[in-house]
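Shown next, in structure tokens, is the structure this report addresses.
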Amino acid sequence: MDRIGQRWPAYSGAVPWALLVLGIVMDLATPTEVSGGPLMVLACVAAGVIMSFRGTVRLVVAAFVIELLTGLSQGGFGDHQETIDLVYIVVAGLVALDLDRLLFRYGKRISAVRTVAESVQLALLPDPPVRLAGYDIAASYRAAQTEARIGGDLYAVHDSPWGVRVFIGDVRGKGMGAVSTVALLLGAFREAAEDVPTLEALGARLDRRMSREAAGLGEELELEGFATAVLAEFPHGGRAVRLLNFGHPGPYLVADRHARALDAEVPNLPLGMSGFGQEVSPHQEHPFPPGSSLLFVTDGVTEARNSEGAFFDPARELEGMSCSSARAAVAGLLTRVDAWTNGVSTDDRAVLAVAH
């Protein structure tokens with residue numbers, strides 16, 4: 001059930017009925033001065049929040065009938081408490097039905113706003129070319145289910161004179177501020193990727209643009225304007241990949257059905273934080289043989305949790321997966337994330353794959 005952006009656990013629908021049964025047991029197993037009416041009232045309200053409209057109606061009717069029969073079996077409604085409990089159930093039932101209606105309307109509104117946010121994000125992040133300079137490429141962006149604000153995930157692919165260059169990142173924050181920063185970084189990447197010969201120079205160019213953007217946020221927010229990122233370069237006709245990491249989750253290499261994370265030995269500070277004086281670490285080069293795939297992700301993937309609070313581990317989940325194409329690699333990873341989280345996403349997820 002998904003009415004307000006969150007799915008209730010599978011057992012939640014049984015909670016109102018359990019409260020109702022507990023109220024009945026209390027009525028039958030205790031002296032008349034002890035009433036199970038409050039538990040029945042709570043069951044009605046809980047149904048309005050958790051259950052569907054039809055399910056809420058069924059439970060409210062059941063609670064009313066049971067309370068009515070209980071009162072009659074105990075000698076009628078000469079006891080004022082029985083009458084009061086019956087009135088409480090009627091009022092609680094009406095409140096529950098109204099709650100159900102309001103939550104349904106609110107859920108539809110959130111869903112519509114989230115769709116708009118996702119559409120705006122996808123307008124900034126058009127699908128990369130399916131095939132570029134001999135490499136198979138695919139990407140996917142999914143907005144968080146619990147947010148109706150535009151996120152800061154970004155990715156781009158550009159064929160430069162030095163090879164196919166990939167940029168994936170995550171701008172701090174959400175909303176229109178994040179959108180403007182995403183647009184700025186994407187424009188800077190597309191311009192610089194064609195002009196600068198090394199990943200280090202490309203990263204420095206992006207860092208300067210990000211620093212200027214952060215400076216425009218004001219003194220209080222200047223230190224908070226940053227973006228994590230990974231820059232990658234696939235040389236034309238080569239069998240290697242060069243990576244430069246700026247505080248972002250490293251990509252995952254899948255080759256011969258084995259997966260491993262290509263984490264940076266010494267990651268750089270995020271883009272926009274060069275004012276702290278750290279020198280940019282040189283890029284790292286890794287083998288990228290034919291038949292392999294490299295998957296770039298944002299923290300919406302690496303920080304996805306299951307019902308027990310455990311984090312999703314892409315390297316473990318990708319082990320044994322066949323990456324026949326970049327599209328299959330992206331779809332396979334997202335399928336595993338959905339299975340891990342039971343379809344619930346609390347953060348935006350961006351995935352980009354390059355297959356050789």
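Identifiers in this document derive from the order of the structure tokens: chains are assigned A, B, ..., residues are numbered from 1 separately in each chain, and ligands are numbered from 1 in order of occurrence.
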As a list in words, please: the residues near region 253-261 of chain A (cut-off 8 Å, only C-alpha atoms, same-chain neighbours under 4 positions excluded).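 Everything that qualifies: Pro289, Gly291, Ser292, Ser293, Leu294, Leu295, Ala315, Arg316, Leu318, Glu319, Gly320, Met321, Ser322 and Cys323 of chain A.
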Closest atom pairs, residues of region 268-291 of chain A within 6 Å of region 247-252 of chain A, only C-alpha atoms, as CSV:
```
residue,atom,partner,partner_atom,distance
A:Asn268,CA,A:Gly247,CA,5.9
A:Leu269,CA,A:Gly247,CA,5.6
A:Pro270,CA,A:Gly247,CA,5.1
```
Selection from above, N, CA and C atoms, as a compact mmCIF listing (two decimals), in the first residue's frame, can you write it?
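The resulting file, result14.txt, is reproduced below:
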```txt
# COMPACT_ATOMS: atom_id res chain seq x y z
N ASN A 268 39.83 12.40 -3.19
CA ASN A 268 39.95 13.84 -3.04
C ASN A 268 38.75 14.40 -2.29
N LEU A 269 38.89 15.62 -1.82
CA LEU A 269 37.75 16.30 -1.22
C LEU A 269 36.68 16.53 -2.28
N PRO A 270 35.42 16.66 -1.89
CA PRO A 270 34.37 16.94 -2.88
C PRO A 270 34.64 18.23 -3.64
```
List the neighbours of Ala188 (chain A) out to 12 Å using only C-alpha atoms; skip same-chain residues closer than 6 positions along the sequence, and give me the result as a PyMOL selection string. chain A and resi 156+158+167+181-182+194-196+202-210+213
Select from region 208-291 of chain A everything DSSP, run on the backbone, classes as strand (DSSP E or B), then give the selection as a PyMOL selection string. chain A and resi 227-234+240-247+252-255+258-261+271+284-287
To one decimal place in Å, what is the distance between CA of Leu231 (chain A) and CA of Asp347 (chain A)? 22.0 Å
Can you work out which one of A:Asp313, A:Asp127, A:Glu67, A:Asp153 has the shortest atom-to-atom distance to Val25 (chain A), counting only C-alpha atoms?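 Of A:Asp313, A:Asp127, A:Glu67, A:Asp153, the one nearest Val25 (chain A) is A:Glu67, counting only C-alpha atoms.
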Per DSSP on the backbone, what are the alpha helix (DSSP H) residues of region 229-319 of chain A, as a CSV table (one decimal) with N, CA, C and O atoms, in the first residue's frame?
```
chain,number,residue,atom,x,y,z
A,299,ASP,N,24.8,7.7,-3.9
A,299,ASP,CA,24.6,7.1,-2.5
A,299,ASP,C,23.2,6.6,-2.3
A,299,ASP,O,22.9,5.9,-1.3
A,300,GLY,N,22.2,6.9,-3.2
A,300,GLY,CA,20.9,6.4,-3.1
A,300,GLY,C,20.9,4.8,-3.2
A,300,GLY,O,20.0,4.1,-2.8
A,301,VAL,N,22.0,4.3,-3.9
A,301,VAL,CA,22.2,2.9,-4.0
A,301,VAL,C,23.0,2.3,-2.9
A,301,VAL,O,22.6,1.4,-2.2
A,302,THR,N,24.1,2.9,-2.6
A,302,THR,CA,25.0,2.4,-1.6
A,302,THR,C,24.4,2.5,-0.2
A,302,THR,O,24.8,1.8,0.8
A,314,PRO,N,26.5,-3.3,-3.2
A,314,PRO,CA,26.5,-3.6,-4.7
A,314,PRO,C,27.5,-4.7,-5.1
A,314,PRO,O,27.1,-5.5,-5.9
A,315,ALA,N,28.7,-4.7,-4.5
A,315,ALA,CA,29.7,-5.6,-4.9
A,315,ALA,C,29.2,-7.1,-4.6
A,315,ALA,O,29.4,-8.0,-5.4
A,316,ARG,N,28.6,-7.3,-3.5
A,316,ARG,CA,28.0,-8.6,-3.1
A,316,ARG,C,26.9,-9.0,-4.0
A,316,ARG,O,26.8,-10.1,-4.5
A,317,GLU,N,25.9,-8.0,-4.2
A,317,GLU,CA,24.7,-8.3,-5.0
A,317,GLU,C,25.0,-8.5,-6.5
A,317,GLU,O,24.2,-9.2,-7.2
A,318,LEU,N,26.1,-7.8,-7.0
A,318,LEU,CA,26.4,-8.0,-8.4
A,318,LEU,C,27.2,-9.2,-8.7
A,318,LEU,O,27.3,-9.6,-9.9
```
CA of Phe189 (chain A) to CA of Leu262 (chain A): how many Å, to one decimal?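 Going from CA of Phe189 (chain A) over to CA of Leu262 (chain A) covers 22.2 Å.
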Residue nearest Asp348 (chain A) among A:Val297, A:Val60, A:Val157, A:Ala183 (counting only C-alpha atoms): A:Val297
For the atom pair CA of Cys44 (chain A) and CA of Pro31 (chain A), what is the interatomic distance in Å to one decimal place?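 Spanning CA of Cys44 (chain A) to CA of Pro31 (chain A) is a straight-line distance of 23.5 Å.
Distance annotation: of A:Thr198, A:Ser73, A:Thr228, A:Ser324, the residue with the minimal separation from Arg242 (chain A) is A:Thr198; atom set is only C-alpha atoms.
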Compile the contact shell of region 26-29 of chain A as a short mmCIF file (atom, residue, chain, number, x, y, z; two decimals) with C-alpha atoms, in the first residue's frame: residues with an atom at most 12 Å away, counting only C-alpha atoms, same-chain residues fewer than 5 positions apart removed.
```
data_model
loop_
_atom_site.label_atom_id
_atom_site.label_comp_id
_atom_site.auth_asym_id
_atom_site.auth_seq_id
_atom_site.Cartn_x
_atom_site.Cartn_y
_atom_site.Cartn_z
CA LEU A 19 -6.53 -4.42 18.38
CA LEU A 20 -10.17 -5.24 17.69
CA VAL A 21 -9.76 -8.85 18.82
CA VAL A 34 -13.58 -2.99 32.55
CA SER A 35 -14.29 -2.10 28.93
CA GLY A 36 -12.47 -3.04 25.75
CA GLY A 37 -14.14 -0.13 23.96
CA PRO A 38 -10.99 2.08 23.89
CA LEU A 39 -9.08 -0.65 22.07
CA MET A 40 -11.88 -0.93 19.49
CA ILE A 66 -19.51 -6.63 17.89
CA GLU A 67 -19.96 -3.84 20.43
CA LEU A 68 -23.73 -3.87 19.80
CA LEU A 69 -23.95 -7.64 20.29
CA THR A 70 -21.73 -7.46 23.37
CA GLY A 71 -23.99 -4.85 24.91
CA SER A 73 -25.60 -10.07 25.56
CA GLN A 74 -24.78 -8.31 28.80
CA GLN A 81 -20.69 2.77 29.58
CA GLU A 82 -21.94 0.41 26.87
CA ASP A 85 -18.51 2.89 23.91
#
```
Neighbour list for region 49-51 of chain A as a VMD selection string, cut-off 9 Å, only C-alpha atoms, skip fewer than 3 positions in-chain: chain A and resid 1 8 12 to 13 15 to 16 45 to 46 54 to 56 96 to 97 99 to 100 103
